[in-house]
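Structure file structure-v8.cif (mmCIF, C-alpha atoms) is printed below.
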data_input
loop_
_atom_site.label_atom_id
_atom_site.label_comp_id
_atom_site.auth_asym_id
_atom_site.auth_seq_id
_atom_site.Cartn_x
_atom_site.Cartn_y
_atom_site.Cartn_z
CA MET L 1 -12.98 25.98 -81.67
CA PHE L 2 -10.05 25.64 -84.06
CA LYS L 3 -9.25 28.38 -86.52
CA LYS L 4 -9.34 27.31 -90.15
CA VAL L 5 -5.94 27.40 -91.87
CA GLU L 6 -5.97 29.58 -94.95
CA THR L 7 -3.39 29.31 -97.70
CA TYR L 8 -2.23 32.10 -100.00
CA THR L 9 0.17 32.30 -102.88
CA ILE L 10 3.27 34.46 -102.56
CA LYS L 11 1.72 36.99 -104.97
CA GLU L 12 -1.47 37.29 -102.85
CA PHE L 13 0.60 37.62 -99.69
CA MET L 14 2.80 40.35 -101.17
CA GLU L 15 -0.29 42.26 -102.42
CA GLY L 16 -1.77 42.19 -98.89
CA LYS L 17 -4.82 40.08 -99.68
CA HIS L 18 -4.28 38.09 -96.49
CA ARG L 19 -5.28 41.18 -94.49
CA GLU L 20 -8.63 41.67 -96.22
CA LYS L 21 -11.63 40.86 -94.07
CA LYS L 22 -13.90 38.17 -95.42
CA PHE L 23 -17.54 38.41 -94.40
CA ASP L 24 -19.74 35.36 -94.41
CA VAL L 25 -23.10 36.59 -95.74
CA PRO L 26 -25.25 33.78 -94.26
CA LYS L 27 -23.67 34.39 -90.86
CA LEU L 28 -24.48 38.10 -91.04
CA ILE L 29 -28.08 37.34 -92.03
CA GLY L 30 -28.33 34.86 -89.17
CA TYR L 31 -27.31 37.51 -86.65
CA SER L 32 -29.68 40.17 -87.94
CA LEU L 33 -32.68 37.89 -88.52
CA PRO L 34 -34.02 38.11 -84.93
CA LEU L 35 -34.01 41.91 -85.20
CA LEU L 36 -36.16 41.69 -88.32
CA VAL L 37 -38.63 39.25 -86.77
CA VAL L 38 -39.38 41.26 -83.59
CA PRO L 39 -40.57 44.72 -84.70
CA SER L 40 -41.28 46.19 -81.26
CA TYR L 41 -41.28 45.22 -77.62
CA ARG L 42 -44.99 46.04 -77.27
CA ALA L 43 -45.99 43.43 -79.85
CA PHE L 44 -43.55 41.04 -78.17
CA ALA L 45 -45.19 41.50 -74.75
CA LYS L 46 -48.76 41.02 -75.96
CA ASP L 47 -48.12 37.60 -77.47
CA ASP L 48 -49.66 34.86 -75.31
CA VAL L 49 -47.25 32.26 -76.64
CA ILE L 50 -44.25 34.23 -75.39
CA THR L 51 -45.93 34.86 -72.04
CA ASN L 52 -46.62 31.14 -71.59
CA THR L 53 -43.03 30.34 -72.56
CA VAL L 54 -41.72 32.75 -69.94
CA VAL L 55 -44.05 31.35 -67.28
CA HIS L 56 -43.08 27.75 -67.98
CA ALA L 57 -39.37 28.32 -68.63
CA LEU L 58 -38.44 27.74 -65.00
CA ASP L 59 -40.79 24.79 -64.40
CA PRO L 60 -38.02 22.15 -64.11
CA LEU L 61 -36.17 24.22 -61.51
CA ILE L 62 -39.36 24.97 -59.58
CA ASP L 63 -40.33 21.29 -59.62
CA LEU L 64 -36.90 20.39 -58.26
CA VAL L 65 -37.14 22.93 -55.43
CA ARG L 66 -40.69 21.86 -54.60
CA GLY L 67 -39.59 18.23 -54.54
CA LEU L 68 -36.77 19.01 -52.13
CA ALA L 69 -38.91 21.24 -49.89
CA TYR L 70 -40.79 18.39 -48.20
CA PRO L 71 -37.76 16.38 -47.02
CA ILE L 72 -35.88 19.52 -45.95
CA ALA L 73 -38.90 20.81 -44.02
CA GLY L 74 -39.24 17.38 -42.39
CA VAL L 75 -35.62 17.44 -41.23
CA MET L 76 -36.06 20.98 -39.88
CA ILE L 77 -39.22 19.99 -38.01
CA ALA L 78 -37.45 17.00 -36.49
CA GLY L 79 -34.52 19.24 -35.52
CA GLY L 80 -36.86 21.79 -33.99
CA CYS L 81 -38.53 19.06 -31.94
CA LEU L 82 -35.11 17.86 -30.77
CA PHE L 83 -34.16 21.38 -29.69
CA ILE L 84 -37.40 21.61 -27.69
CA LEU L 85 -36.60 18.18 -26.19
CA ILE L 86 -33.16 19.24 -24.97
CA GLY L 87 -34.50 22.42 -23.41
CA GLN L 88 -33.88 25.10 -26.05
CA LYS L 89 -37.52 25.92 -26.60
CA ASP L 90 -36.97 29.29 -28.32
CA LYS L 91 -34.57 27.87 -30.89
CA GLY L 92 -36.81 24.84 -31.50
CA LEU L 93 -39.95 26.93 -32.01
CA ASP L 94 -38.06 29.25 -34.38
CA MET L 95 -36.97 26.23 -36.44
CA LEU L 96 -40.54 24.89 -36.55
CA LYS L 97 -41.91 28.30 -37.56
CA ASN L 98 -39.26 28.81 -40.25
CA ALA L 99 -39.81 25.31 -41.64
CA ALA L 100 -43.57 25.85 -41.91
CA ILE L 101 -43.31 29.32 -43.47
CA GLY L 102 -40.57 28.22 -45.88
CA TYR L 103 -42.50 25.15 -47.01
CA ILE L 104 -45.67 27.17 -47.64
CA LEU L 105 -43.78 29.84 -49.61
CA VAL L 106 -42.00 27.23 -51.74
CA MET L 107 -45.32 25.57 -52.55
CA LEU L 108 -46.79 28.96 -53.54
CA SER L 109 -43.81 29.99 -55.71
CA PRO L 110 -45.51 29.11 -59.06
CA LEU L 111 -48.37 31.42 -58.10
CA PHE L 112 -45.91 34.22 -57.31
CA LEU L 113 -44.17 33.76 -60.66
CA LYS L 114 -47.46 33.93 -62.57
CA ILE L 115 -48.35 37.15 -60.74
CA LEU L 116 -44.94 38.64 -61.56
CA VAL L 117 -45.29 37.75 -65.24
CA GLN L 118 -48.75 39.33 -65.41
CA ILE L 119 -47.44 42.51 -63.76
CA GLY L 120 -44.53 42.60 -66.21
CA VAL L 121 -46.79 42.13 -69.23
CA LYS L 122 -49.09 44.93 -68.04
CA ALA L 123 -46.13 47.24 -67.42
CA VAL L 124 -44.63 46.65 -70.86
CA SER L 125 -47.92 46.89 -72.74
CA GLY L 126 -48.79 50.16 -70.98
CA MET L 127 -52.09 49.10 -69.44
#
structure tokens encoding of this file:
Amino acid sequence: MFKKVETYTIKEFMEGKHREKKFDVPKLIGYSLPLLVVPSYRAFAKDDVITNTVVHALDPLIDLVRGLAYPIAGVMIAGGCLFILIGQKDKGLDMLKNAAIGYILVMLSPLFLKILVQIGVKAVSGM
């Protein structure tokens, strides 16, 4: 966040040593280490541990959306029933239909993500 203050003597400043680039060797090794660990994308895709990590990376977000789906669908169903009650049958039935389809799709979203990951792994591994 803050730049470190560097001090130089007048002699070093006059010789131009303040302009020399200083490279931090551990920092350079830290940046290149991931490139040394992963030799190829095909070996990366075949690893079951990585696949499971990708599948479960979005679990907290999916759980949140699935938890909110029930109350939102309930409000939409109640709204659809109210629209039918006041005489707007088409709008009410559309709301009921959309609430039901949306709730089912949200509940099936983990299945869709698993299918997408399997398709991606097969595409990368060349099967």
* To do: Find the residues near Lys89 (chain L): any atom within 9 Å, counting all atoms listed in the file, skip ones fewer than 6 places away on the same chain, and give them as a ChimeraX atom specification.
  => /L:80-81,83
* Structure fact -> Using all atoms listed in the file, the residue out of L:Ala73, L:Leu113, L:Val121, L:Leu85 with shortest distance to Ala100 (chain L) is L:Ala73
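You will find CA of Tyr103 (chain L) at 11.8 Å from CA of Val75 (chain L).
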* **Residues matched by the PyMOL selection byres ((chain L and resi 105-109) around 12) as number ranges by chain** => L: 55, 58-59, 61-70, 72-73, 98-104, 110-116
* Structure fact -> Computed gap from CA of Thr53 (chain L) to CA of Val124 (chain L) is 16.5 Å
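Across the chains present, the PyMOL selection byres ((chain L and resi 95) around 8) applied to this file returns Met76, Ile77, Gly79, Gly80, Lys91, Gly92, Leu93, Asp94, Leu96, Lys97, Asn98 and Ala99 of chain L.
For the pair CA of Val49 (chain L) and CA of Gln118 (chain L), the separation is 13.4 Å.
Nearest residue to His56 (chain L) among L:Thr9, L:Lys122, L:Val117, L:Ile84 is L:Val117, counting only C-alpha atoms.
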